[in-house]
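All remarks here apply to the structure that follows.
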2 protein chains.
Amino acid sequence: MIFQKKYAMLIPVKKDIKVKFSNYFIPTLKEEPSGVDYLSQKLMLKSGMMKQVSSGLFVYLPTFMRVAEKVCKVIHEKMESVNAVPVKFPILVAKEDLVATNRWDAYGDEMFRLKDRNKKEYAISPTNEEYACFMAKNFIKSAKNMPFCVYQIQQKHRDEIRPRGGVMRAREFIMKDAYSFHPSTQSLDEYYIKMENAYKEIFNTFGLDFVEVLADSGAMGGKECHEFMSVCDKGEAEIAVCECGFCANMELAPNGVCPECGKPIAKVLQGNEMGHIFKLKTRYSDPLNLTFINADGKPEILQMGCYGIGVERVICSIIEQNNDARGIAFPEIVAPFVVNIITANMKDEAQVHLSEEIYHELTALGVEVIWDDRADRLGSKLADSELIGIPYNILVGKNATEGKAEFFARCGEKTLLSKEEIIAKYKK
Amino acid sequence: MIFQKKYAMLIPVKKDIKVKFSNYFIPTLKEEPSGVDYLSQKLMLKSGMMKQVSSGLFVYLPTFMRVAEKVCKVIHEKMESVNAVPVKFPILVAKEDLVATNRWDAYGDEMFRLKDRNKKEYAISPTNEEYACFMAKNFIKSAKNMPFCVYQIQQKHRDEIRPRGGVMRAREFIMKDAYSFHPSTQSLDEYYIKMENAYKEIFNTFGLDFVEVLADSGAMGGKECHEFMSVCDKGEAEIAVCECGFCANMELAPNGVCPECGKPIAKVLQGNEMGHIFKLKTRYSDPLNLTFINADGKPEILQMGCYGIGVERVICSIIEQNNDARGIAFPEIVAPFVVNIITANMKDEAQVHLSEEIYHELTALGVEVIWDDRADRLGSKLADSELIGIPYNILVGKNATEGKAEFFARCGEKTLLSKEEIIAKYKK
């Protein structure tokens, strides 16, 4: 029972993993899920992306994980493009750190709290300004080290009084949070615009219809923050868009007039928050005495910004904007699989053989393929593909004997093609 | 302040991100960190991979994140190769779920516990057998659905009485945990061997010197589990290897004789646990009444296995086995960067120009490059590269005017090469 060997050569990792529907885990539901508030929630439950296990707590299933990975990849790349660097903060934050910034009391019931075995108190962090400041305090010596921005993509917790909308308002959720540090308000303003543009690029990459609105930063003071809201039929918040076409606000002016430019409110959209960016200025750096040595050789308080994106909220928004009566119509860039090979009859050797050949050749080209190799009825397999939201299908049926199969986009026209013609579509 | 547009074409994500040392975040220490128990802990602190923020709680910095990503990629691929599917369980588990399996009481002080705003009790899950069983209960109908295995890579928490060794024994750590379900002990036995082999492949991929040992599964009963221990100069546990060369045990037999085969203990190795695999059998499925309909049409209790890998422990083990007096010598497969371009004098235009050209051309070839563009002394830059553990360096110095630079493996011989010769090394 011993295994001990120092390998001189590293073993290469095999990449030719088959994803077969029969041994994957996509538990679609035939019946309508009950007690749902949102369309995205219904579709995510029905298509087997997630399963609720407690109030506001969900297990994410494989198709969710694949979609989330793609969403996070885009976020990572855009964060790198503004020189934000990846870190991971602990989710436990000691009470004294939150007391120093007055957040221990300010958060109230929304923050989960606990004691360790020595009765020391911790919170499960809703956000990580304190740790980010701690990093900055240790490593920023002068203006040369700035702008300095750290980010993480990690789960967060909020003890919601009424969790609802599936993962739209859950008690555990995945968030990208970034924190930037600056020697001057001018540096903060410039970086804020860079980050604002990175946010627009992120949401555009997913093809989302969204509005950027001036928002209320609450206890953080001022109007120095913006929310990025997806436009949905049924959103959590109303957005008032003014006649000038350039102002959007989270709060409806009681007199029907835009509080920004004085013009009448032209239309109201219903939206869901996906991202929120803040100029925190010295809100945290001042109480934590976070300084750098300025050009005059004197300590000066740092300027700070913070920038959040709710990963589940992006996924929900994509689903809210890309669906029909049959299910989810994922854009290719975030789809859990790009191609579904559907074998009409698994007892037909020619069909199985052709399916397998197409599967291997597409996989070798780097296309993300799933093979629906289940013994189920064809109608049920087609319905599942439309529900899950796979953009392209290859139906291998009775023409398999001639080496041909039907290629079609989700809910689109079928075209009978030879295996070679299908493969050619995916050759660069 | 409004931005609203539905793009027909998706914006491609730009991949030409420059990683420059000057705007990255690798806070190496000149001084020796104090209060360290392990060499890996010292090297991780000194090379700027992590920073402690509270007892047993660490912030992971960018080089750590890059190494961890690579370690996790290999784990993901090997889990896929045994048809384990990715999920994410909530880290909060309701008390009643843990009471049902008797773990609420059994875990004692090691498990963090908390109450929500409605005084409902939760634990921060040490492992997720209960949720895994819940998934299985909902989706396994018959033997056809098995073997069924779910896994996640996610942080876990343990209220260690004495956190030590840096991230070797921390209170928050990243773990891969997998749970498999079976219709028979034979199916469990077969899958267990597959997983055992996947584990060996994972540790071999990282070039680790390790031992697989029979271990005590404690309260879980029996000897149906194995630990994978890295062999280190100073490990947490002693491993007794018997004369026959095939038995290894976690416990030194008091009479110096192997409890397995009766032969004398030949040598003792000092090891660190990286992975642990268990045949849980019906330990959880029985109390949770997790059944399937067997061939006789009768409900039968499922067989279960679980399989863990500590991601930080793998990283620590790699560092413990790959270092010298100058720092970490990461194997290429997990190195945070593969190549470091070190510009000797950032005020020399020819050096900066050649460095930039090499940077762009290597990046375009998909090589992970960092450019040490700091104004620091050359000696300090070379020392940092050796400390961080970057496998290859390109030193751009006075030969830059002839388009030449020195290429060398970490602590290896320097070779003066033209830019073209350097690039050719990385062309496939």
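Labels used: A, B, ... for chains in the order of the structure tokens, numbers from 1 for residues in each chain, and numbers from 1 for ligands as shown.
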
Return as a PDB file with N, CA and C atoms, in the first residue's frame the full set of residues in stretch 42-265 of chain A whose backbone-based DSSP assignment is alpha helix (DSSP H).
```pdb
ATOM      1  N   LYS A  42     -37.201  30.789 -12.139  1.00  0.00           N
ATOM      2  CA  LYS A  42     -37.942  29.634 -12.648  1.00  0.00           C
ATOM      3  C   LYS A  42     -37.094  28.840 -13.644  1.00  0.00           C
ATOM      4  N   LEU A  43     -36.451  29.561 -14.569  1.00  0.00           N
ATOM      5  CA  LEU A  43     -35.679  28.883 -15.616  1.00  0.00           C
ATOM      6  C   LEU A  43     -34.427  28.204 -15.052  1.00  0.00           C
ATOM      7  N   MET A  44     -33.812  28.814 -14.043  1.00  0.00           N
ATOM      8  CA  MET A  44     -32.612  28.213 -13.457  1.00  0.00           C
ATOM      9  C   MET A  44     -32.959  26.952 -12.671  1.00  0.00           C
ATOM     10  N   LEU A  45     -34.120  26.962 -12.006  1.00  0.00           N
ATOM     11  CA  LEU A  45     -34.566  25.761 -11.282  1.00  0.00           C
ATOM     12  C   LEU A  45     -34.976  24.671 -12.271  1.00  0.00           C
ATOM     13  N   LYS A  46     -35.763  25.094 -13.294  1.00  0.00           N
ATOM     14  CA  LYS A  46     -36.314  24.121 -14.226  1.00  0.00           C
ATOM     15  C   LYS A  46     -35.235  23.474 -15.107  1.00  0.00           C
ATOM     16  N   PRO A  62     -23.806  21.636 -12.167  1.00  0.00           N
ATOM     17  CA  PRO A  62     -22.756  21.783 -13.180  1.00  0.00           C
ATOM     18  C   PRO A  62     -22.991  22.837 -14.272  1.00  0.00           C
ATOM     19  N   THR A  63     -24.228  22.956 -14.806  1.00  0.00           N
ATOM     20  CA  THR A  63     -24.393  23.973 -15.868  1.00  0.00           C
ATOM     21  C   THR A  63     -24.230  25.378 -15.296  1.00  0.00           C
ATOM     22  N   PHE A  64     -24.693  25.590 -14.070  1.00  0.00           N
ATOM     23  CA  PHE A  64     -24.458  26.883 -13.409  1.00  0.00           C
ATOM     24  C   PHE A  64     -22.956  27.137 -13.291  1.00  0.00           C
ATOM     25  N   MET A  65     -22.217  26.120 -12.846  1.00  0.00           N
ATOM     26  CA  MET A  65     -20.773  26.282 -12.637  1.00  0.00           C
ATOM     27  C   MET A  65     -20.063  26.654 -13.937  1.00  0.00           C
ATOM     28  N   ARG A  66     -20.522  26.043 -15.049  1.00  0.00           N
ATOM     29  CA  ARG A  66     -19.881  26.324 -16.339  1.00  0.00           C
ATOM     30  C   ARG A  66     -20.192  27.747 -16.801  1.00  0.00           C
ATOM     31  N   VAL A  67     -21.445  28.187 -16.599  1.00  0.00           N
ATOM     32  CA  VAL A  67     -21.817  29.557 -16.984  1.00  0.00           C
ATOM     33  C   VAL A  67     -21.056  30.558 -16.097  1.00  0.00           C
ATOM     34  N   ALA A  68     -21.029  30.285 -14.799  1.00  0.00           N
ATOM     35  CA  ALA A  68     -20.352  31.196 -13.864  1.00  0.00           C
ATOM     36  C   ALA A  68     -18.865  31.309 -14.189  1.00  0.00           C
ATOM     37  N   GLU A  69     -18.250  30.192 -14.575  1.00  0.00           N
ATOM     38  CA  GLU A  69     -16.828  30.214 -14.915  1.00  0.00           C
ATOM     39  C   GLU A  69     -16.569  31.158 -16.086  1.00  0.00           C
ATOM     40  N   LYS A  70     -17.477  31.131 -17.065  1.00  0.00           N
ATOM     41  CA  LYS A  70     -17.305  31.995 -18.243  1.00  0.00           C
ATOM     42  C   LYS A  70     -17.526  33.461 -17.905  1.00  0.00           C
ATOM     43  N   VAL A  71     -18.536  33.716 -17.073  1.00  0.00           N
ATOM     44  CA  VAL A  71     -18.788  35.098 -16.637  1.00  0.00           C
ATOM     45  C   VAL A  71     -17.562  35.615 -15.874  1.00  0.00           C
ATOM     46  N   CYS A  72     -17.032  34.780 -14.980  1.00  0.00           N
ATOM     47  CA  CYS A  72     -15.879  35.201 -14.160  1.00  0.00           C
ATOM     48  C   CYS A  72     -14.627  35.411 -15.004  1.00  0.00           C
ATOM     49  N   LYS A  73     -14.473  34.610 -16.055  1.00  0.00           N
ATOM     50  CA  LYS A  73     -13.304  34.755 -16.932  1.00  0.00           C
ATOM     51  C   LYS A  73     -13.282  36.154 -17.550  1.00  0.00           C
ATOM     52  N   VAL A  74     -14.436  36.604 -18.032  1.00  0.00           N
ATOM     53  CA  VAL A  74     -14.520  37.945 -18.628  1.00  0.00           C
ATOM     54  C   VAL A  74     -14.222  39.001 -17.564  1.00  0.00           C
ATOM     55  N   ILE A  75     -14.781  38.827 -16.379  1.00  0.00           N
ATOM     56  CA  ILE A  75     -14.539  39.794 -15.298  1.00  0.00           C
ATOM     57  C   ILE A  75     -13.046  39.835 -14.950  1.00  0.00           C
ATOM     58  N   HIS A  76     -12.427  38.650 -14.804  1.00  0.00           N
ATOM     59  CA  HIS A  76     -10.986  38.590 -14.508  1.00  0.00           C
ATOM     60  C   HIS A  76     -10.190  39.366 -15.559  1.00  0.00           C
ATOM     61  N   GLU A  77     -10.496  39.106 -16.836  1.00  0.00           N
ATOM     62  CA  GLU A  77      -9.707  39.748 -17.898  1.00  0.00           C
ATOM     63  C   GLU A  77      -9.882  41.256 -17.896  1.00  0.00           C
ATOM     64  N   LYS A  78     -11.101  41.711 -17.621  1.00  0.00           N
ATOM     65  CA  LYS A  78     -11.333  43.167 -17.602  1.00  0.00           C
ATOM     66  C   LYS A  78     -10.700  43.808 -16.370  1.00  0.00           C
ATOM     67  N   MET A  79     -10.659  43.079 -15.269  1.00  0.00           N
ATOM     68  CA  MET A  79      -9.985  43.617 -14.079  1.00  0.00           C
ATOM     69  C   MET A  79      -8.483  43.731 -14.343  1.00  0.00           C
ATOM     70  N   GLU A  80      -7.919  42.711 -14.994  1.00  0.00           N
ATOM     71  CA  GLU A  80      -6.493  42.781 -15.346  1.00  0.00           C
ATOM     72  C   GLU A  80      -6.215  43.963 -16.264  1.00  0.00           C
ATOM     73  N   SER A  81      -7.188  44.267 -17.149  1.00  0.00           N
ATOM     74  CA  SER A  81      -6.964  45.347 -18.117  1.00  0.00           C
ATOM     75  C   SER A  81      -6.877  46.717 -17.440  1.00  0.00           C
ATOM     76  N   LYS A  95     -13.981  41.365  14.837  1.00  0.00           N
ATOM     77  CA  LYS A  95     -14.829  42.471  15.274  1.00  0.00           C
ATOM     78  C   LYS A  95     -14.060  43.794  15.350  1.00  0.00           C
ATOM     79  N   GLU A  96     -12.841  43.747  15.921  1.00  0.00           N
ATOM     80  CA  GLU A  96     -12.122  45.014  16.126  1.00  0.00           C
ATOM     81  C   GLU A  96     -11.841  45.742  14.812  1.00  0.00           C
ATOM     82  N   ASP A  97     -11.649  44.971  13.724  1.00  0.00           N
ATOM     83  CA  ASP A  97     -11.406  45.610  12.428  1.00  0.00           C
ATOM     84  C   ASP A  97     -12.643  46.360  11.943  1.00  0.00           C
ATOM     85  N   LEU A  98     -13.822  45.774  12.201  1.00  0.00           N
ATOM     86  CA  LEU A  98     -15.069  46.412  11.762  1.00  0.00           C
ATOM     87  C   LEU A  98     -15.500  47.524  12.716  1.00  0.00           C
ATOM     88  N   VAL A  99     -15.094  47.418  13.970  1.00  0.00           N
ATOM     89  CA  VAL A  99     -15.380  48.489  14.932  1.00  0.00           C
ATOM     90  C   VAL A  99     -14.605  49.752  14.533  1.00  0.00           C
ATOM     91  N   ALA A 100     -13.368  49.549  14.070  1.00  0.00           N
ATOM     92  CA  ALA A 100     -12.510  50.687  13.703  1.00  0.00           C
ATOM     93  C   ALA A 100     -13.139  51.555  12.617  1.00  0.00           C
ATOM     94  N   ARG A 103     -18.353  49.816  11.204  1.00  0.00           N
ATOM     95  CA  ARG A 103     -19.276  48.964  10.461  1.00  0.00           C
ATOM     96  C   ARG A 103     -19.878  47.859  11.314  1.00  0.00           C
ATOM     97  N   TRP A 104     -19.215  47.512  12.424  1.00  0.00           N
ATOM     98  CA  TRP A 104     -19.742  46.460  13.297  1.00  0.00           C
ATOM     99  C   TRP A 104     -21.152  46.832  13.745  1.00  0.00           C
ATOM    100  N   ASP A 105     -21.345  48.090  14.160  1.00  0.00           N
ATOM    101  CA  ASP A 105     -22.673  48.540  14.585  1.00  0.00           C
ATOM    102  C   ASP A 105     -23.555  48.893  13.388  1.00  0.00           C
ATOM    103  N   ALA A 106     -22.965  49.554  12.385  1.00  0.00           N
ATOM    104  CA  ALA A 106     -23.778  50.084  11.283  1.00  0.00           C
ATOM    105  C   ALA A 106     -24.482  48.978  10.501  1.00  0.00           C
ATOM    106  N   GLU A 129     -13.450  46.146   2.733  1.00  0.00           N
ATOM    107  CA  GLU A 129     -12.691  47.406   2.773  1.00  0.00           C
ATOM    108  C   GLU A 129     -11.568  47.365   3.819  1.00  0.00           C
ATOM    109  N   GLU A 130     -11.851  46.779   4.967  1.00  0.00           N
ATOM    110  CA  GLU A 130     -10.867  46.793   6.057  1.00  0.00           C
ATOM    111  C   GLU A 130      -9.608  46.009   5.694  1.00  0.00           C
ATOM    112  N   TYR A 131      -9.798  44.799   5.137  1.00  0.00           N
ATOM    113  CA  TYR A 131      -8.627  44.010   4.736  1.00  0.00           C
ATOM    114  C   TYR A 131      -7.871  44.697   3.592  1.00  0.00           C
ATOM    115  N   ALA A 132      -8.629  45.292   2.659  1.00  0.00           N
ATOM    116  CA  ALA A 132      -7.978  45.974   1.535  1.00  0.00           C
ATOM    117  C   ALA A 132      -7.111  47.116   2.062  1.00  0.00           C
ATOM    118  N   CYS A 133      -7.630  47.856   3.055  1.00  0.00           N
ATOM    119  CA  CYS A 133      -6.849  48.950   3.653  1.00  0.00           C
ATOM    120  C   CYS A 133      -5.619  48.406   4.370  1.00  0.00           C
ATOM    121  N   PHE A 134      -5.770  47.249   4.993  1.00  0.00           N
ATOM    122  CA  PHE A 134      -4.656  46.633   5.695  1.00  0.00           C
ATOM    123  C   PHE A 134      -3.535  46.303   4.698  1.00  0.00           C
ATOM    124  N   MET A 135      -3.926  45.773   3.527  1.00  0.00           N
ATOM    125  CA  MET A 135      -2.934  45.488   2.481  1.00  0.00           C
ATOM    126  C   MET A 135      -2.243  46.773   2.037  1.00  0.00           C
ATOM    127  N   ALA A 136      -3.068  47.797   1.782  1.00  0.00           N
ATOM    128  CA  ALA A 136      -2.519  49.078   1.317  1.00  0.00           C
ATOM    129  C   ALA A 136      -1.569  49.670   2.356  1.00  0.00           C
ATOM    130  N   LYS A 137      -1.962  49.577   3.631  1.00  0.00           N
ATOM    131  CA  LYS A 137      -1.153  50.132   4.724  1.00  0.00           C
ATOM    132  C   LYS A 137       0.229  49.481   4.775  1.00  0.00           C
ATOM    133  N   ASN A 138       0.267  48.191   4.518  1.00  0.00           N
ATOM    134  CA  ASN A 138       1.535  47.480   4.566  1.00  0.00           C
ATOM    135  C   ASN A 138       2.430  47.728   3.374  1.00  0.00           C
ATOM    136  N   PHE A 139       1.810  48.050   2.227  1.00  0.00           N
ATOM    137  CA  PHE A 139       2.627  48.011   1.021  1.00  0.00           C
ATOM    138  C   PHE A 139       2.741  49.329   0.260  1.00  0.00           C
ATOM    139  N   THR A 185      -7.491  63.063  -5.270  1.00  0.00           N
ATOM    140  CA  THR A 185      -8.850  62.881  -5.807  1.00  0.00           C
ATOM    141  C   THR A 185      -8.797  62.813  -7.331  1.00  0.00           C
ATOM    142  N   GLN A 186      -7.811  63.511  -7.921  1.00  0.00           N
ATOM    143  CA  GLN A 186      -7.691  63.461  -9.390  1.00  0.00           C
ATOM    144  C   GLN A 186      -7.359  62.038  -9.863  1.00  0.00           C
ATOM    145  N   SER A 187      -6.438  61.380  -9.165  1.00  0.00           N
ATOM    146  CA  SER A 187      -6.076  59.999  -9.512  1.00  0.00           C
ATOM    147  C   SER A 187      -7.286  59.082  -9.329  1.00  0.00           C
ATOM    148  N   LEU A 188      -8.048  59.296  -8.240  1.00  0.00           N
ATOM    149  CA  LEU A 188      -9.271  58.504  -8.011  1.00  0.00           C
ATOM    150  C   LEU A 188     -10.271  58.724  -9.140  1.00  0.00           C
ATOM    151  N   ASP A 189     -10.481  60.017  -9.515  1.00  0.00           N
ATOM    152  CA  ASP A 189     -11.439  60.335 -10.588  1.00  0.00           C
ATOM    153  C   ASP A 189     -11.049  59.653 -11.896  1.00  0.00           C
ATOM    154  N   GLU A 190      -9.761  59.700 -12.227  1.00  0.00           N
ATOM    155  CA  GLU A 190      -9.292  59.097 -13.482  1.00  0.00           C
ATOM    156  C   GLU A 190      -9.480  57.579 -13.472  1.00  0.00           C
ATOM    157  N   TYR A 191      -9.133  56.955 -12.341  1.00  0.00           N
ATOM    158  CA  TYR A 191      -9.244  55.496 -12.255  1.00  0.00           C
ATOM    159  C   TYR A 191     -10.707  55.063 -12.257  1.00  0.00           C
ATOM    160  N   TYR A 192     -11.540  55.861 -11.602  1.00  0.00           N
ATOM    161  CA  TYR A 192     -12.979  55.584 -11.546  1.00  0.00           C
ATOM    162  C   TYR A 192     -13.561  55.506 -12.962  1.00  0.00           C
ATOM    163  N   ILE A 193     -13.122  56.399 -13.821  1.00  0.00           N
ATOM    164  CA  ILE A 193     -13.609  56.397 -15.207  1.00  0.00           C
ATOM    165  C   ILE A 193     -13.119  55.142 -15.948  1.00  0.00           C
ATOM    166  N   LYS A 194     -11.858  54.768 -15.697  1.00  0.00           N
ATOM    167  CA  LYS A 194     -11.334  53.518 -16.291  1.00  0.00           C
ATOM    168  C   LYS A 194     -12.179  52.320 -15.864  1.00  0.00           C
ATOM    169  N   MET A 195     -12.499  52.274 -14.570  1.00  0.00           N
ATOM    170  CA  MET A 195     -13.264  51.152 -14.037  1.00  0.00           C
ATOM    171  C   MET A 195     -14.697  51.182 -14.595  1.00  0.00           C
ATOM    172  N   GLU A 196     -15.267  52.387 -14.681  1.00  0.00           N
ATOM    173  CA  GLU A 196     -16.603  52.569 -15.257  1.00  0.00           C
ATOM    174  C   GLU A 196     -16.623  51.989 -16.683  1.00  0.00           C
ATOM    175  N   ASN A 197     -15.583  52.296 -17.450  1.00  0.00           N
ATOM    176  CA  ASN A 197     -15.512  51.776 -18.819  1.00  0.00           C
ATOM    177  C   ASN A 197     -15.324  50.263 -18.841  1.00  0.00           C
ATOM    178  N   ALA A 198     -14.520  49.745 -17.908  1.00  0.00           N
ATOM    179  CA  ALA A 198     -14.340  48.281 -17.819  1.00  0.00           C
ATOM    180  C   ALA A 198     -15.690  47.619 -17.531  1.00  0.00           C
ATOM    181  N   TYR A 199     -16.496  48.246 -16.671  1.00  0.00           N
ATOM    182  CA  TYR A 199     -17.826  47.701 -16.360  1.00  0.00           C
ATOM    183  C   TYR A 199     -18.707  47.676 -17.605  1.00  0.00           C
ATOM    184  N   LYS A 200     -18.684  48.777 -18.362  1.00  0.00           N
ATOM    185  CA  LYS A 200     -19.492  48.817 -19.591  1.00  0.00           C
ATOM    186  C   LYS A 200     -19.046  47.719 -20.547  1.00  0.00           C
ATOM    187  N   GLU A 201     -17.722  47.529 -20.652  1.00  0.00           N
ATOM    188  CA  GLU A 201     -17.205  46.483 -21.544  1.00  0.00           C
ATOM    189  C   GLU A 201     -17.633  45.089 -21.075  1.00  0.00           C
ATOM    190  N   ILE A 202     -17.610  44.870 -19.762  1.00  0.00           N
ATOM    191  CA  ILE A 202     -18.035  43.570 -19.223  1.00  0.00           C
ATOM    192  C   ILE A 202     -19.490  43.291 -19.609  1.00  0.00           C
ATOM    193  N   PHE A 203     -20.383  44.254 -19.335  1.00  0.00           N
ATOM    194  CA  PHE A 203     -21.807  44.002 -19.595  1.00  0.00           C
ATOM    195  C   PHE A 203     -22.094  43.939 -21.097  1.00  0.00           C
ATOM    196  N   ASN A 204     -21.353  44.722 -21.883  1.00  0.00           N
ATOM    197  CA  ASN A 204     -21.493  44.634 -23.342  1.00  0.00           C
ATOM    198  C   ASN A 204     -21.016  43.292 -23.869  1.00  0.00           C
ATOM    199  N   THR A 205     -19.967  42.753 -23.270  1.00  0.00           N
ATOM    200  CA  THR A 205     -19.440  41.455 -23.716  1.00  0.00           C
ATOM    201  C   THR A 205     -20.523  40.383 -23.626  1.00  0.00           C
TER     202      THR A 205
END
```

Residues within 9 Å of A:Asn83, please, as a JSON list (two decimals) with N, CA and C atoms, in the first residue's frame. Count only C-alpha atoms; anything in the same chain fewer than 3 positions from it doesn't count.
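Output file around_34.json is given in full below:
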```json
[["chain", "number", "residue", "atom", "x", "y", "z"],
["A", 78, "LYS", "N", -11.10, 41.71, -17.62],
["A", 78, "LYS", "CA", -11.33, 43.17, -17.60],
["A", 78, "LYS", "C", -10.70, 43.81, -16.37],
["A", 79, "MET", "N", -10.66, 43.08, -15.27],
["A", 79, "MET", "CA", -9.98, 43.62, -14.08],
["A", 79, "MET", "C", -8.48, 43.73, -14.34],
["A", 80, "GLU", "N", -7.92, 42.71, -14.99],
["A", 80, "GLU", "CA", -6.49, 42.78, -15.35],
["A", 80, "GLU", "C", -6.21, 43.96, -16.26],
["A", 147, "PRO", "N", -1.84, 54.43, -8.87],
["A", 147, "PRO", "CA", -3.00, 53.72, -8.32],
["A", 147, "PRO", "C", -2.68, 52.25, -8.04],
["A", 148, "PHE", "N", -3.30, 51.75, -6.99],
["A", 148, "PHE", "CA", -3.10, 50.38, -6.55],
["A", 148, "PHE", "C", -4.49, 49.79, -6.38],
["A", 149, "CYS", "N", -4.77, 48.68, -7.06],
["A", 149, "CYS", "CA", -6.12, 48.11, -6.98],
["A", 149, "CYS", "C", -6.05, 46.60, -6.83],
["A", 150, "VAL", "N", -6.72, 46.08, -5.81],
["A", 150, "VAL", "CA", -6.81, 44.64, -5.59],
["A", 150, "VAL", "C", -8.26, 44.20, -5.80],
["B", 17, "ILE", "N", -2.63, 41.66, -21.97],
["B", 17, "ILE", "CA", -2.46, 42.37, -20.71],
["B", 17, "ILE", "C", -0.97, 42.30, -20.33],
["B", 18, "LYS", "N", -0.39, 43.43, -20.00],
["B", 18, "LYS", "CA", 1.01, 43.44, -19.57],
["B", 18, "LYS", "C", 1.08, 43.24, -18.07],
["B", 19, "VAL", "N", 1.90, 42.27, -17.66],
["B", 19, "VAL", "CA", 2.16, 42.16, -16.23],
["B", 19, "VAL", "C", 3.55, 42.74, -15.97],
["B", 23, "ASN", "N", 3.67, 47.56, -11.49],
["B", 23, "ASN", "CA", 2.27, 47.77, -11.13],
["B", 23, "ASN", "C", 1.58, 46.46, -10.73],
["B", 24, "TYR", "N", 2.38, 45.41, -10.48],
["B", 24, "TYR", "CA", 1.81, 44.18, -9.93],
["B", 24, "TYR", "C", 1.97, 44.26, -8.42]]
```

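Near stretch 297-302 of chain A, within 7 Å and counting only C-alpha atoms, sit Phe181, His182, Pro183, Thr282, Ser285, Asp286, Asn289, Leu290, Thr291, Phe292 and Ile293 of chain A; same-chain residues fewer than 4 positions away were not included.
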
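Closest approach to chain A among B:Ala178, B:Leu378, B:Val369, B:Cys242: B:Cys242, based on only C-alpha atoms.
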
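Neighbours of stretch 333-348 of chain A closer than or equal to 7 Å, with only C-alpha atoms counted and sequence neighbours fewer than 2 positions away skipped, come out as Thr63, Arg66, Val67, Lys70, Val71, Phe330, Pro331, Ala350, Gln351, Val352, Ser355, Val367, Glu368, Val369, Ile370, Trp371, Asp372, Asp373, Ala375, Leu378, Ile390, Pro391, Tyr392, Asn393, Ile394, Leu395, Val396 and Gly397 of chain A.
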
Residue nearest chain B among A:Ile153, A:Ala248, A:Ile174, A:Val36 (counting only C-alpha atoms): A:Ala248

What lies within 10 Å of B:Glu224 using only C-alpha atoms, ignoring chain neighbours under 5 positions off, as a short mmCIF file (atom, residue, chain, number, x, y, z; two decimals) with N, CA and C atoms, in the first residue's frame?
```
data_model
loop_
_atom_site.label_atom_id
_atom_site.label_comp_id
_atom_site.auth_asym_id
_atom_site.auth_seq_id
_atom_site.Cartn_x
_atom_site.Cartn_y
_atom_site.Cartn_z
N LEU B 214 -2.25 3.70 4.64
CA LEU B 214 -3.49 3.31 5.29
C LEU B 214 -3.65 4.21 6.50
N ALA B 215 -4.85 4.70 6.70
CA ALA B 215 -5.02 5.64 7.81
C ALA B 215 -6.19 5.23 8.66
N ASP B 216 -6.28 5.88 9.79
CA ASP B 216 -7.37 5.62 10.72
C ASP B 216 -8.48 6.61 10.40
N SER B 217 -9.67 6.09 10.13
CA SER B 217 -10.76 7.01 9.79
C SER B 217 -11.50 7.49 11.03
N ILE B 277 -8.83 9.92 1.34
CA ILE B 277 -10.00 9.32 0.68
C ILE B 277 -10.63 8.29 1.62
N PHE B 278 -11.96 8.25 1.64
CA PHE B 278 -12.70 7.41 2.59
C PHE B 278 -13.75 6.56 1.87
N LYS B 279 -13.87 5.31 2.29
CA LYS B 279 -15.09 4.57 1.96
C LYS B 279 -16.07 4.80 3.11
N LEU B 280 -17.00 5.69 2.90
CA LEU B 280 -17.95 6.00 3.98
C LEU B 280 -19.01 4.92 4.12
N LYS B 281 -19.17 4.15 3.03
CA LYS B 281 -20.20 3.10 2.99
C LYS B 281 -21.57 3.68 3.34
N GLY B 305 -18.72 7.25 -0.89
CA GLY B 305 -17.31 7.53 -0.65
C GLY B 305 -17.08 9.03 -0.61
#
```

Coordinates-based distance that separates atom CA of B:Asp233 from atom CA of B:Met168 (Å, one decimal): 14.5 Å
